[in-house]
file target33.cif (mmCIF, C-alpha atoms)
data_final
#
loop_
_atom_site.group_PDB
_atom_site.id
_atom_site.type_symbol
_atom_site.label_atom_id
_atom_site.label_comp_id
_atom_site.auth_asym_id
_atom_site.auth_seq_id
_atom_site.Cartn_x
_atom_site.Cartn_y
_atom_site.Cartn_z
ATOM 1 C CA MET A 21 -74.319 17.167 32.996
ATOM 2 C CA LYS A 22 -72.522 20.293 31.898
ATOM 3 C CA ALA A 23 -70.501 19.887 28.706
ATOM 4 C CA PRO A 24 -67.172 21.765 28.627
ATOM 5 C CA ALA A 25 -67.340 25.234 27.145
ATOM 6 C CA THR A 26 -65.356 26.059 24.012
ATOM 7 C CA PRO A 27 -62.354 28.327 24.705
ATOM 8 C CA GLU A 28 -62.522 31.767 23.096
ATOM 9 C CA ASN A 29 -59.211 31.087 21.358
ATOM 10 C CA GLU A 30 -60.266 27.634 20.108
ATOM 11 C CA THR A 31 -59.083 28.122 16.519
ATOM 12 C CA GLU A 32 -55.658 29.297 17.647
ATOM 13 C CA ARG A 33 -55.513 26.579 20.311
ATOM 14 C CA LEU A 34 -56.204 23.816 17.775
ATOM 15 C CA ASN A 35 -53.667 25.256 15.331
ATOM 16 C CA SER A 36 -51.031 25.258 18.066
ATOM 17 C CA LEU A 37 -51.878 21.673 18.982
ATOM 18 C CA ARG A 38 -51.671 20.468 15.367
ATOM 19 C CA GLU A 39 -48.377 22.240 14.780
ATOM 20 C CA SER A 40 -46.844 20.981 18.033
ATOM 21 C CA GLY A 41 -46.258 17.438 16.788
ATOM 22 C CA LEU A 42 -47.934 16.004 19.894
ATOM 23 C CA LEU A 43 -50.778 14.417 17.942
ATOM 24 C CA GLU A 44 -48.343 12.502 15.738
ATOM 25 C CA ILE A 45 -46.388 10.687 18.465
ATOM 26 C CA ASP A 46 -47.727 7.254 19.342
ATOM 27 C CA SER A 47 -45.856 6.882 22.632
ATOM 28 C CA SER A 48 -43.509 8.803 24.902
ATOM 29 C CA PRO A 49 -41.283 7.219 27.565
ATOM 30 C CA ALA A 50 -41.214 10.586 29.352
ATOM 31 C CA PHE A 51 -45.018 10.706 29.612
ATOM 32 C CA ASP A 52 -45.073 7.072 30.721
ATOM 33 C CA ARG A 53 -42.619 7.854 33.521
ATOM 34 C CA LEU A 54 -44.778 10.761 34.664
ATOM 35 C CA THR A 55 -47.985 8.725 34.782
ATOM 36 C CA ARG A 56 -46.196 5.927 36.682
ATOM 37 C CA LEU A 57 -44.879 8.460 39.183
ATOM 38 C CA ALA A 58 -48.271 10.123 39.566
ATOM 39 C CA LYS A 59 -50.113 6.847 40.113
ATOM 40 C CA ARG A 60 -47.579 5.627 42.677
ATOM 41 C CA PHE A 61 -47.296 8.911 44.571
ATOM 42 C CA PHE A 62 -51.027 9.614 44.804
ATOM 43 C CA GLN A 63 -52.032 5.941 45.066
ATOM 44 C CA VAL A 64 -54.788 6.256 42.484
ATOM 45 C CA PRO A 65 -55.905 3.519 40.075
ATOM 46 C CA LEU A 66 -55.400 5.717 37.002
ATOM 47 C CA ALA A 67 -53.113 8.575 35.987
ATOM 48 C CA MET A 68 -53.097 9.992 32.445
ATOM 49 C CA VAL A 69 -51.524 12.558 30.149
ATOM 50 C CA ASN A 70 -54.213 13.690 27.703
ATOM 51 C CA LEU A 71 -54.708 16.009 24.759
ATOM 52 C CA ILE A 72 -57.967 17.734 23.818
ATOM 53 C CA ASP A 73 -58.513 18.031 20.076
ATOM 54 C CA GLU A 74 -61.592 19.310 18.262
ATOM 55 C CA HIS A 75 -63.880 16.431 19.200
ATOM 56 C CA SER A 76 -62.049 14.061 21.562
ATOM 57 C CA LEU A 77 -59.882 13.580 24.596
ATOM 58 C CA ILE A 78 -56.860 11.631 23.353
ATOM 59 C CA VAL A 79 -54.885 9.587 25.871
ATOM 60 C CA LYS A 80 -51.136 9.877 25.179
ATOM 61 C CA SER A 81 -50.074 7.949 28.281
ATOM 62 C CA ALA A 82 -51.933 6.078 31.003
ATOM 63 C CA ASP A 83 -50.945 4.021 34.024
ATOM 64 C CA GLY A 84 -54.097 2.074 34.776
ATOM 65 C CA GLN A 85 -57.058 1.014 32.676
ATOM 66 C CA ALA A 86 -58.033 3.853 30.352
ATOM 67 C CA PRO A 87 -59.885 4.269 27.048
ATOM 68 C CA SER A 88 -57.871 5.321 24.006
ATOM 69 C CA ALA A 89 -60.247 8.247 23.395
ATOM 70 C CA VAL A 90 -63.256 9.887 25.055
ATOM 71 C CA PRO A 91 -65.750 12.279 23.407
ATOM 72 C CA ARG A 92 -64.755 15.799 24.353
ATOM 73 C CA ASN A 93 -68.280 16.757 25.424
ATOM 74 C CA ILE A 94 -68.224 14.261 28.336
ATOM 75 C CA SER A 95 -64.541 14.607 29.217
ATOM 76 C CA PHE A 96 -63.430 16.053 32.534
ATOM 77 C CA CYS A 97 -60.220 17.388 31.013
ATOM 78 C CA GLY A 98 -62.293 19.469 28.589
ATOM 79 C CA HIS A 99 -63.167 21.546 31.656
ATOM 80 C CA THR A 100 -59.579 21.557 32.912
ATOM 81 C CA ILE A 101 -58.167 23.366 29.866
ATOM 82 C CA LEU A 102 -60.532 26.299 30.411
ATOM 83 C CA THR A 103 -58.606 27.765 33.354
ATOM 84 C CA GLU A 104 -55.008 28.180 34.452
ATOM 85 C CA ALA A 105 -55.670 26.575 37.855
ATOM 86 C CA PRO A 106 -55.925 22.801 38.420
ATOM 87 C CA LEU A 107 -59.426 21.314 38.541
ATOM 88 C CA VAL A 108 -60.052 19.128 41.596
ATOM 89 C CA VAL A 109 -63.364 17.428 42.310
ATOM 90 C CA GLY A 110 -63.354 15.387 45.535
ATOM 91 C CA ASP A 111 -66.681 13.693 44.844
ATOM 92 C CA MET A 112 -68.096 13.851 41.336
ATOM 93 C CA LEU A 113 -71.577 12.895 42.541
ATOM 94 C CA GLN A 114 -71.697 16.088 44.602
ATOM 95 C CA ASP A 115 -70.814 18.344 41.675
ATOM 96 C CA ASP A 116 -73.659 19.415 39.352
ATOM 97 C CA ARG A 117 -71.305 19.542 36.385
ATOM 98 C CA PHE A 118 -70.497 15.846 36.614
ATOM 99 C CA ALA A 119 -73.094 14.001 38.728
ATOM 100 C CA ASP A 120 -75.003 12.662 35.709
ATOM 101 C CA ASN A 121 -71.964 12.368 33.435
ATOM 102 C CA PRO A 122 -72.032 8.857 31.881
ATOM 103 C CA LEU A 123 -68.499 8.217 33.156
ATOM 104 C CA VAL A 124 -69.739 8.979 36.681
ATOM 105 C CA ALA A 125 -73.308 7.693 36.673
ATOM 106 C CA GLY A 126 -72.268 4.608 34.666
ATOM 107 C CA GLU A 127 -69.064 2.630 34.167
ATOM 108 C CA PRO A 128 -66.330 3.138 35.216
ATOM 109 C CA ARG A 129 -68.122 5.195 37.955
ATOM 110 C CA VAL A 130 -65.497 7.864 38.501
ATOM 111 C CA ARG A 131 -65.801 9.616 41.855
ATOM 112 C CA PHE A 132 -62.588 11.656 42.178
ATOM 113 C CA TYR A 133 -60.766 13.760 39.599
ATOM 114 C CA ALA A 134 -57.749 16.062 39.726
ATOM 115 C CA GLY A 135 -56.453 17.621 36.508
ATOM 116 C CA PHE A 136 -53.574 20.002 35.834
ATOM 117 C CA PRO A 137 -53.896 22.012 32.571
ATOM 118 C CA LEU A 138 -50.922 21.513 30.262
ATOM 119 C CA ARG A 139 -49.820 24.375 28.040
ATOM 120 C CA LEU A 140 -47.511 24.863 25.109
ATOM 121 C CA ARG A 141 -44.853 27.575 25.150
ATOM 122 C CA ASP A 142 -47.197 29.936 23.295
ATOM 123 C CA GLY A 143 -49.712 29.638 26.158
ATOM 124 C CA ALA A 144 -52.207 27.376 24.374
ATOM 125 C CA SER A 145 -53.850 24.958 26.801
ATOM 126 C CA VAL A 146 -53.907 21.666 24.916
ATOM 127 C CA GLY A 147 -54.324 18.914 27.492
ATOM 128 C CA SER A 148 -53.978 17.752 31.062
ATOM 129 C CA LEU A 149 -52.168 15.570 33.535
ATOM 130 C CA CYS A 150 -54.971 13.995 35.512
ATOM 131 C CA LEU A 151 -55.699 11.566 38.335
ATOM 132 C CA ILE A 152 -58.778 9.340 38.554
ATOM 133 C CA ASP A 153 -60.170 7.418 41.523
ATOM 134 C CA TYR A 154 -63.347 5.402 41.923
ATOM 135 C CA ALA A 155 -63.897 6.522 45.508
ATOM 136 C CA PRO A 156 -64.203 10.085 46.922
ATOM 137 C CA ARG A 157 -61.033 11.514 48.413
ATOM 138 C CA GLU A 158 -59.492 14.720 49.691
ATOM 139 C CA PHE A 159 -56.687 16.540 47.970
ATOM 140 C CA SER A 160 -54.386 18.715 50.087
ATOM 141 C CA ALA A 161 -52.365 21.803 49.235
ATOM 142 C CA SER A 162 -49.191 19.702 49.245
ATOM 143 C CA ASP A 163 -50.881 17.278 46.835
ATOM 144 C CA LEU A 164 -51.655 20.186 44.528
ATOM 145 C CA ALA A 165 -48.023 21.300 44.669
ATOM 146 C CA VAL A 166 -46.794 17.851 43.642
ATOM 147 C CA LEU A 167 -49.347 17.656 40.833
ATOM 148 C CA GLY A 168 -48.114 21.053 39.657
ATOM 149 C CA ASP A 169 -44.496 19.873 39.691
ATOM 150 C CA LEU A 170 -45.386 16.818 37.613
ATOM 151 C CA GLY A 171 -47.425 19.020 35.286
ATOM 152 C CA ALA A 172 -44.415 21.300 34.777
ATOM 153 C CA LEU A 173 -42.347 18.265 33.763
ATOM 154 C CA ALA A 174 -45.049 17.272 31.269
ATOM 155 C CA GLU A 175 -45.010 20.796 29.816
ATOM 156 C CA ASP A 176 -41.218 20.595 29.465
ATOM 157 C CA GLU A 177 -41.675 17.422 27.417
ATOM 158 C CA PHE A 178 -44.371 19.168 25.358
ATOM 159 C CA ALA A 179 -41.848 21.913 24.603
ATOM 160 C CA ALA A 180 -39.136 19.412 23.631
ATOM 161 C CA ILE A 181 -41.467 17.586 21.243
ATOM 162 C CA SER A 182 -42.769 20.848 19.793
ATOM 163 C CA ALA A 183 -39.219 22.097 19.195
ATOM 164 C CA ALA A 184 -38.381 19.044 17.104
ATOM 165 C CA THR A 185 -38.694 19.606 13.370
ATOM 166 C CA THR A 186 -38.055 16.031 12.200
ATOM 167 C CA ASP A 187 -40.594 13.221 11.952
ATOM 168 C CA GLU A 188 -39.273 10.429 14.160
ATOM 169 C CA LEU A 189 -40.550 7.559 11.990
ATOM 170 C CA THR A 190 -39.451 8.686 8.519
ATOM 171 C CA GLY A 191 -36.683 11.200 9.189
ATOM 172 C CA LEU A 192 -38.396 13.763 6.938
ATOM 173 C CA PHE A 193 -39.330 17.219 8.160
ATOM 174 C CA ASN A 194 -42.544 17.251 10.178
ATOM 175 C CA ARG A 195 -45.375 19.795 10.056
ATOM 176 C CA ARG A 196 -43.545 22.117 12.422
ATOM 177 C CA GLY A 197 -40.349 21.897 10.396
ATOM 178 C CA PHE A 198 -42.276 22.745 7.237
ATOM 179 C CA ASN A 199 -43.977 25.718 8.872
ATOM 180 C CA GLN A 200 -40.640 27.052 10.088
ATOM 181 C CA LEU A 201 -38.922 26.733 6.717
ATOM 182 C CA VAL A 202 -41.630 27.485 4.164
ATOM 183 C CA ARG A 203 -41.825 31.234 4.778
ATOM 184 C CA PHE A 204 -38.050 31.546 4.530
ATOM 185 C CA THR A 205 -38.116 29.518 1.286
ATOM 186 C CA LEU A 206 -40.867 31.747 -0.113
ATOM 187 C CA SER A 207 -38.911 34.864 0.789
ATOM 188 C CA VAL A 208 -35.786 33.586 -0.978
ATOM 189 C CA ALA A 209 -37.793 32.574 -4.064
ATOM 190 C CA ARG A 210 -39.383 36.045 -4.246
ATOM 191 C CA ARG A 211 -36.036 37.832 -3.990
ATOM 192 C CA ARG A 212 -34.549 35.654 -6.714
ATOM 193 C CA ALA A 213 -37.707 35.700 -8.850
ATOM 194 C CA GLU A 214 -37.626 31.886 -8.887
ATOM 195 C CA PRO A 215 -40.635 29.591 -9.253
ATOM 196 C CA LEU A 216 -41.641 27.434 -6.317
ATOM 197 C CA THR A 217 -44.042 24.492 -6.555
ATOM 198 C CA LEU A 218 -45.690 22.479 -3.807
ATOM 199 C CA GLY A 219 -46.482 18.802 -4.262
ATOM 200 C CA TRP A 220 -49.062 17.294 -1.914
ATOM 201 C CA LEU A 221 -49.116 13.481 -1.587
ATOM 202 C CA ASP A 222 -51.469 11.098 0.172
ATOM 203 C CA LEU A 223 -51.062 7.309 0.321
ATOM 204 C CA ASP A 224 -54.036 5.478 -1.169
ATOM 205 C CA ARG A 225 -55.585 2.591 0.747
ATOM 206 C CA PHE A 226 -53.173 3.077 3.643
ATOM 207 C CA LYS A 227 -55.887 2.258 6.178
ATOM 208 C CA GLU A 228 -56.268 -1.119 4.482
ATOM 209 C CA ILE A 229 -52.581 -1.858 5.152
ATOM 210 C CA ASN A 230 -52.996 -1.072 8.848
ATOM 211 C CA ASP A 231 -56.262 -2.970 9.154
ATOM 212 C CA ARG A 232 -55.133 -6.052 7.248
ATOM 213 C CA TYR A 233 -51.464 -6.376 8.167
ATOM 214 C CA GLY A 234 -51.093 -4.326 11.363
ATOM 215 C CA HIS A 235 -49.536 -0.991 12.301
ATOM 216 C CA GLU A 236 -45.985 -2.333 12.126
ATOM 217 C CA GLU A 237 -46.470 -2.977 8.417
ATOM 218 C CA GLY A 238 -48.146 0.423 8.119
ATOM 219 C CA ASP A 239 -44.995 2.024 9.563
ATOM 220 C CA LYS A 240 -42.898 0.095 7.042
ATOM 221 C CA ALA A 241 -45.060 1.500 4.236
ATOM 222 C CA LEU A 242 -44.566 5.055 5.474
ATOM 223 C CA LYS A 243 -40.800 4.584 5.765
ATOM 224 C CA ALA A 244 -40.647 3.028 2.305
ATOM 225 C CA MET A 245 -42.490 6.006 0.829
ATOM 226 C CA ALA A 246 -40.089 8.402 2.536
ATOM 227 C CA GLN A 247 -37.083 6.504 1.175
ATOM 228 C CA LEU A 248 -38.494 6.576 -2.345
ATOM 229 C CA MET A 249 -39.082 10.324 -2.082
ATOM 230 C CA ARG A 250 -35.469 10.867 -0.990
ATOM 231 C CA ALA A 251 -34.198 8.780 -3.883
ATOM 232 C CA SER A 252 -36.446 10.470 -6.449
ATOM 233 C CA PHE A 253 -36.069 14.148 -5.595
ATOM 234 C CA ARG A 254 -33.156 16.566 -5.263
ATOM 235 C CA GLU A 255 -31.390 17.427 -2.023
ATOM 236 C CA ALA A 256 -32.583 21.013 -2.493
ATOM 237 C CA ASP A 257 -36.243 19.920 -2.334
ATOM 238 C CA LEU A 258 -37.936 20.077 1.073
ATOM 239 C CA LEU A 259 -39.538 16.722 1.969
ATOM 240 C CA VAL A 260 -42.224 16.610 4.648
ATOM 241 C CA ARG A 261 -44.411 14.107 6.431
ATOM 242 C CA PHE A 262 -47.349 16.143 7.628
ATOM 243 C CA GLY A 263 -48.706 13.332 9.755
ATOM 244 C CA GLY A 264 -50.631 10.142 9.154
ATOM 245 C CA ASP A 265 -50.252 9.204 5.480
ATOM 246 C CA GLU A 266 -49.851 12.784 4.185
ATOM 247 C CA PHE A 267 -46.580 13.926 2.619
ATOM 248 C CA ALA A 268 -45.438 17.062 0.828
ATOM 249 C CA VAL A 269 -42.498 18.157 -1.270
ATOM 250 C CA LEU A 270 -41.466 21.750 -1.859
ATOM 251 C CA PHE A 271 -39.740 21.943 -5.252
ATOM 252 C CA ALA A 272 -37.157 24.733 -5.216
ATOM 253 C CA ASP A 273 -36.626 26.786 -8.392
ATOM 254 C CA THR A 274 -39.167 24.597 -10.217
ATOM 255 C CA ASP A 275 -42.332 25.507 -12.067
ATOM 256 C CA GLU A 276 -45.403 23.279 -12.107
ATOM 257 C CA GLN A 277 -44.417 21.545 -15.350
ATOM 258 C CA GLY A 278 -41.008 20.619 -13.955
ATOM 259 C CA ALA A 279 -42.586 19.404 -10.736
ATOM 260 C CA TRP A 280 -45.002 17.267 -12.759
ATOM 261 C CA ILE A 281 -42.067 15.516 -14.420
ATOM 262 C CA ALA A 282 -40.500 14.904 -10.999
ATOM 263 C CA MET A 283 -43.749 13.457 -9.635
ATOM 264 C CA GLN A 284 -44.054 11.164 -12.633
ATOM 265 C CA TYR A 285 -40.550 9.917 -11.884
ATOM 266 C CA LEU A 286 -41.582 9.195 -8.277
ATOM 267 C CA ALA A 287 -44.612 7.285 -9.555
ATOM 268 C CA GLU A 288 -42.317 5.168 -11.736
ATOM 269 C CA GLN A 289 -40.027 4.450 -8.786
ATOM 270 C CA VAL A 290 -43.007 3.390 -6.684
ATOM 271 C CA GLU A 291 -44.143 1.015 -9.430
ATOM 272 C CA SER A 292 -40.636 -0.500 -9.588
ATOM 273 C CA TYR A 293 -40.627 -0.895 -5.811
ATOM 274 C CA ASN A 294 -43.996 -2.655 -5.887
ATOM 275 C CA ALA A 295 -42.771 -4.999 -8.624
ATOM 276 C CA ARG A 296 -40.086 -6.308 -6.260
ATOM 277 C CA LYS A 297 -42.849 -7.702 -3.997
ATOM 278 C CA LEU A 298 -40.910 -7.091 -0.790
ATOM 279 C CA HIS A 299 -44.093 -6.855 1.280
ATOM 280 C CA PRO A 300 -47.616 -8.299 1.320
ATOM 281 C CA TRP A 301 -48.865 -4.797 0.444
ATOM 282 C CA SER A 302 -48.029 -2.327 -2.314
ATOM 283 C CA LEU A 303 -47.687 1.448 -2.317
ATOM 284 C CA HIS A 304 -50.123 3.729 -4.148
ATOM 285 C CA PHE A 305 -50.460 7.475 -3.843
ATOM 286 C CA SER A 306 -52.452 10.420 -5.129
ATOM 287 C CA TRP A 307 -50.890 13.827 -5.645
ATOM 288 C CA GLY A 308 -51.554 17.425 -6.520
ATOM 289 C CA LEU A 309 -49.305 20.297 -7.575
ATOM 290 C CA SER A 310 -49.588 24.034 -7.120
ATOM 291 C CA GLU A 311 -47.078 26.645 -8.253
ATOM 292 C CA PHE A 312 -46.841 29.652 -5.968
ATOM 293 C CA ASP A 313 -48.044 32.933 -7.464
ATOM 294 C CA HIS A 314 -45.717 35.564 -6.034
ATOM 295 C CA ASN A 315 -48.160 38.292 -7.037
ATOM 296 C CA GLY A 316 -51.396 36.769 -5.812
ATOM 297 C CA ASN A 317 -51.102 33.667 -3.657
ATOM 298 C CA ASP A 318 -51.088 33.592 0.097
ATOM 299 C CA LEU A 319 -49.617 30.615 1.946
ATOM 300 C CA GLN A 320 -52.883 29.080 3.127
ATOM 301 C CA GLN A 321 -54.498 29.325 -0.294
ATOM 302 C CA TRP A 322 -51.433 27.724 -1.843
ATOM 303 C CA LEU A 323 -51.608 24.758 0.535
ATOM 304 C CA LYS A 324 -55.346 24.443 -0.022
ATOM 305 C CA ASP A 325 -54.963 24.474 -3.803
ATOM 306 C CA ALA A 326 -52.412 21.623 -3.764
ATOM 307 C CA ASP A 327 -54.553 19.630 -1.335
ATOM 308 C CA GLU A 328 -57.683 20.053 -3.472
ATOM 309 C CA LYS A 329 -55.848 18.859 -6.587
ATOM 310 C CA MET A 330 -54.560 15.822 -4.694
ATOM 311 C CA TYR A 331 -58.050 15.045 -3.440
ATOM 312 C CA ALA A 332 -59.483 15.330 -6.963
ATOM 313 C CA MET A 333 -56.998 12.705 -8.171
ATOM 314 C CA LYS A 334 -57.867 10.455 -5.221
ATOM 315 C CA GLN A 335 -61.578 10.677 -5.983
ATOM 316 C CA GLN A 336 -60.970 9.938 -9.661
ATOM 317 C CA ARG A 337 -58.971 6.839 -8.776
ATOM 318 C CA GLN A 338 -61.600 5.662 -6.306
ATOM 319 C CA ARG A 339 -64.277 5.924 -8.999
ATOM 320 C CA ALA A 340 -62.092 3.944 -11.366
ATOM 321 C CA ARG A 341 -61.600 1.053 -8.909
#
call {"tool": "encode", "arguments": {"input": "target33.cif", "output": "structure tokens"}}
result
Amino acid sequence: MKAPATPENETERLNSLRESGLLEIDSSPAFDRLTRLAKRFFQVPLAMVNLIDEHSLIVKSADGQAPSAVPRNISFCGHTILTEAPLVVGDMLQDDRFADNPLVAGEPRVRFYAGFPLRLRDGASVGSLCLIDYAPREFSASDLAVLGDLGALAEDEFAAISAATTDELTGLFNRRGFNQLVRFTLSVARRRAEPLTLGWLDLDRFKEINDRYGHEEGDKALKAMAQLMRASFREADLLVRFGGDEFAVLFADTDEQGAWIAMQYLAEQVESYNARKLHPWSLHFSWGLSEFDHNGNDLQQWLKDADEKMYAMKQQRQRAR
């Protein structure tokens, strides 16, 4: 078996994928329509829209029986993202790259694969629209053209999702929205010689909520946290859900001491919310603050500093449990 090579622009490719918002969406009706169309048109048992992150193939939509994730080193789509042309293998057993792949040699015994590389607007190849069959088959030039048309529709949906700057679940800015606004905010703060402080928040024991009560309750917890942040902070502050259970707040014209007071107020509001016992779970969060140094900081170091302070609080609380 030949494992997929790592693209030369892997760091940039992963950054583009993370900033696109594609990893955060749980489902997409547009992707589901595409996989239904692909399965019906090509009469294959499985059609998928996938993403390739650092270690895994992540299935975003599938019509047919498919795993939720596949290790990248045995994925077929890991090969597909390496070139601009579609990858078509009529019989996997006749191809040295795949003949002894565990997905070919063992269950589900894949024999045919056709994958179209899906790109973001910046050119980063982040996934594939692919077809799977369990018997060898031919794939004509007209078939390739149709696969390309469907792939172009998938890329249009990628672009639409990537252009969105709002987190669908909470209504806060998403990672892309933050990235678009933070440099402008920094520029304004520099010109006005105003302090700017970043608060980094992470829900504690959020996985326990999902595992014990289900993802629907987990979504309720995330929305509750977003509502409490809106109620606790000023309209001028930039509120962000970075993805998963990570949040951030950009305190405008506020030094670290002022931001600390604001975070303490949020903590009090969370305690009051928990006391109402509206849910079988309660909210807990760790946080870190970092004031931007206009003379020394760079953006990445600023983000890292706030994240490290948040993580230190989380570790301290875990030791105290």
call {"tool": "residues_around", "arguments": {"input": "target33.cif", "residues": "A:Gly41", "least_positions_apart": "5", "cutoff": "7 Å", "atoms": "all atoms listed in the file", "output": "count of residues only"}}
result
3
call {"tool": "resolve_selection", "arguments": {"input": "target33.cif", "expression": "the PyMOL selection byres ((chain A and resi 275-287) around 10)", "output": "PDB file with C-alpha atoms, in the coordinates of the input"}}
result
ATOM      1  CA  GLU A 214     -37.626  31.886  -8.887  1.00  0.00           C
ATOM      2  CA  PRO A 215     -40.635  29.591  -9.253  1.00  0.00           C
ATOM      3  CA  LEU A 216     -41.641  27.434  -6.317  1.00  0.00           C
ATOM      4  CA  THR A 217     -44.042  24.492  -6.555  1.00  0.00           C
ATOM      5  CA  LEU A 218     -45.690  22.479  -3.807  1.00  0.00           C
ATOM      6  CA  GLY A 219     -46.482  18.802  -4.262  1.00  0.00           C
ATOM      7  CA  LEU A 221     -49.116  13.481  -1.587  1.00  0.00           C
ATOM      8  CA  MET A 245     -42.490   6.006   0.829  1.00  0.00           C
ATOM      9  CA  LEU A 248     -38.494   6.576  -2.345  1.00  0.00           C
ATOM     10  CA  MET A 249     -39.082  10.324  -2.082  1.00  0.00           C
ATOM     11  CA  ARG A 250     -35.469  10.867  -0.990  1.00  0.00           C
ATOM     12  CA  ALA A 251     -34.198   8.780  -3.883  1.00  0.00           C
ATOM     13  CA  SER A 252     -36.446  10.470  -6.449  1.00  0.00           C
ATOM     14  CA  PHE A 253     -36.069  14.148  -5.595  1.00  0.00           C
ATOM     15  CA  ARG A 254     -33.156  16.566  -5.263  1.00  0.00           C
ATOM     16  CA  VAL A 269     -42.498  18.157  -1.270  1.00  0.00           C
ATOM     17  CA  LEU A 270     -41.466  21.750  -1.859  1.00  0.00           C
ATOM     18  CA  PHE A 271     -39.740  21.943  -5.252  1.00  0.00           C
ATOM     19  CA  ALA A 272     -37.157  24.733  -5.216  1.00  0.00           C
ATOM     20  CA  ASP A 273     -36.626  26.786  -8.392  1.00  0.00           C
ATOM     21  CA  THR A 274     -39.167  24.597 -10.217  1.00  0.00           C
ATOM     22  CA  GLU A 288     -42.317   5.168 -11.736  1.00  0.00           C
ATOM     23  CA  GLN A 289     -40.027   4.450  -8.786  1.00  0.00           C
ATOM     24  CA  VAL A 290     -43.007   3.390  -6.684  1.00  0.00           C
ATOM     25  CA  GLU A 291     -44.143   1.015  -9.430  1.00  0.00           C
ATOM     26  CA  SER A 292     -40.636  -0.500  -9.588  1.00  0.00           C
ATOM     27  CA  TYR A 293     -40.627  -0.895  -5.811  1.00  0.00           C
ATOM     28  CA  LEU A 303     -47.687   1.448  -2.317  1.00  0.00           C
ATOM     29  CA  HIS A 304     -50.123   3.729  -4.148  1.00  0.00           C
ATOM     30  CA  PHE A 305     -50.460   7.475  -3.843  1.00  0.00           C
ATOM     31  CA  SER A 306     -52.452  10.420  -5.129  1.00  0.00           C
ATOM     32  CA  TRP A 307     -50.890  13.827  -5.645  1.00  0.00           C
ATOM     33  CA  GLY A 308     -51.554  17.425  -6.520  1.00  0.00           C
ATOM     34  CA  LEU A 309     -49.305  20.297  -7.575  1.00  0.00           C
ATOM     35  CA  SER A 310     -49.588  24.034  -7.120  1.00  0.00           C
ATOM     36  CA  GLU A 311     -47.078  26.645  -8.253  1.00  0.00           C
ATOM     37  CA  PHE A 312     -46.841  29.652  -5.968  1.00  0.00           C
TER      38      PHE A 312
END
call {"tool": "atom_distance", "arguments": {"input": "target33.cif", "atom1": "atom CA of A:Pro87", "atom2": "atom CA of A:Asp153"}}
result
14.8 Å
call {"tool": "closest_residue", "arguments": {"input": "target33.cif", "among": "A:Gly263, A:His99, A:Glu74, A:Ala50", "to": "A:Arg33", "atoms": "all atoms listed in the file"}}
result
A:Glu74
call {"tool": "closest_residue", "arguments": {"input": "target33.cif", "among": "A:Asp327, A:Lys22, A:Trp301, A:Leu164", "to": "A:Gly234", "atoms": "only C-alpha atoms"}}
result
A:Trp301
call {"tool": "closest_residue", "arguments": {"input": "target33.cif", "among": "A:Arg339, A:Asn93, A:Lys59, A:Leu71", "to": "A:Ala25", "atoms": "only C-alpha atoms"}}
result
A:Asn93
call {"tool": "resolve_selection", "arguments": {"input": "target33.cif", "expression": "the PyMOL selection byres ((chain A and resi 26) around 12)", "output": "PyMOL selection string"}}
result
chain A and resi 23-25+27-31+33-34+72-75+92-93+98-103+145
call {"tool": "residues_near_point", "arguments": {"input": "target33.cif", "point": "(-49.3, 15.5, 31.4)", "cutoff": "8 Å", "atoms": "all atoms listed in the file", "output": "compact mmCIF listing (two decimals) with C-alpha atoms, in the frame of the given file"}}
result
# COMPACT_ATOMS: atom_id res chain seq x y z
CA PHE A 51 -45.02 10.71 29.61
CA LEU A 54 -44.78 10.76 34.66
CA THR A 55 -47.98 8.72 34.78
CA MET A 68 -53.10 9.99 32.44
CA VAL A 69 -51.52 12.56 30.15
CA ASN A 70 -54.21 13.69 27.70
CA PHE A 136 -53.57 20.00 35.83
CA LEU A 138 -50.92 21.51 30.26
CA GLY A 147 -54.32 18.91 27.49
CA SER A 148 -53.98 17.75 31.06
CA LEU A 149 -52.17 15.57 33.53
CA CYS A 150 -54.97 14.00 35.51
CA LEU A 170 -45.39 16.82 37.61
CA GLY A 171 -47.42 19.02 35.29
CA LEU A 173 -42.35 18.26 33.76
CA ALA A 174 -45.05 17.27 31.27
CA GLU A 175 -45.01 20.80 29.82
call {"tool": "decode", "arguments": {"input": "target33.cif", "residues": "stretch 208-212 of chain A", "atoms": "N, CA, C and O atoms", "output": "short mmCIF file (atom, residue, chain, number, x, y, z; two decimals), in the first residue's frame"}}
result
data_model
loop_
_atom_site.label_atom_id
_atom_site.label_comp_id
_atom_site.auth_asym_id
_atom_site.auth_seq_id
_atom_site.Cartn_x
_atom_site.Cartn_y
_atom_site.Cartn_z
N VAL A 208 -7.36 50.12 14.12
CA VAL A 208 -8.08 51.25 14.73
C VAL A 208 -7.53 51.54 16.12
O VAL A 208 -7.31 52.71 16.50
N ALA A 209 -7.30 50.46 16.91
CA ALA A 209 -6.79 50.65 18.27
C ALA A 209 -5.41 51.30 18.25
O ALA A 209 -5.11 52.16 19.11
N ARG A 210 -4.57 50.93 17.30
CA ARG A 210 -3.23 51.55 17.19
C ARG A 210 -3.36 53.05 16.89
O ARG A 210 -2.68 53.87 17.50
N ARG A 211 -4.20 53.38 15.91
CA ARG A 211 -4.33 54.78 15.51
C ARG A 211 -4.85 55.64 16.67
O ARG A 211 -4.46 56.79 16.82
N ARG A 212 -5.73 55.07 17.46
CA ARG A 212 -6.33 55.82 18.57
C ARG A 212 -5.55 55.66 19.87
O ARG A 212 -5.93 56.24 20.88
#
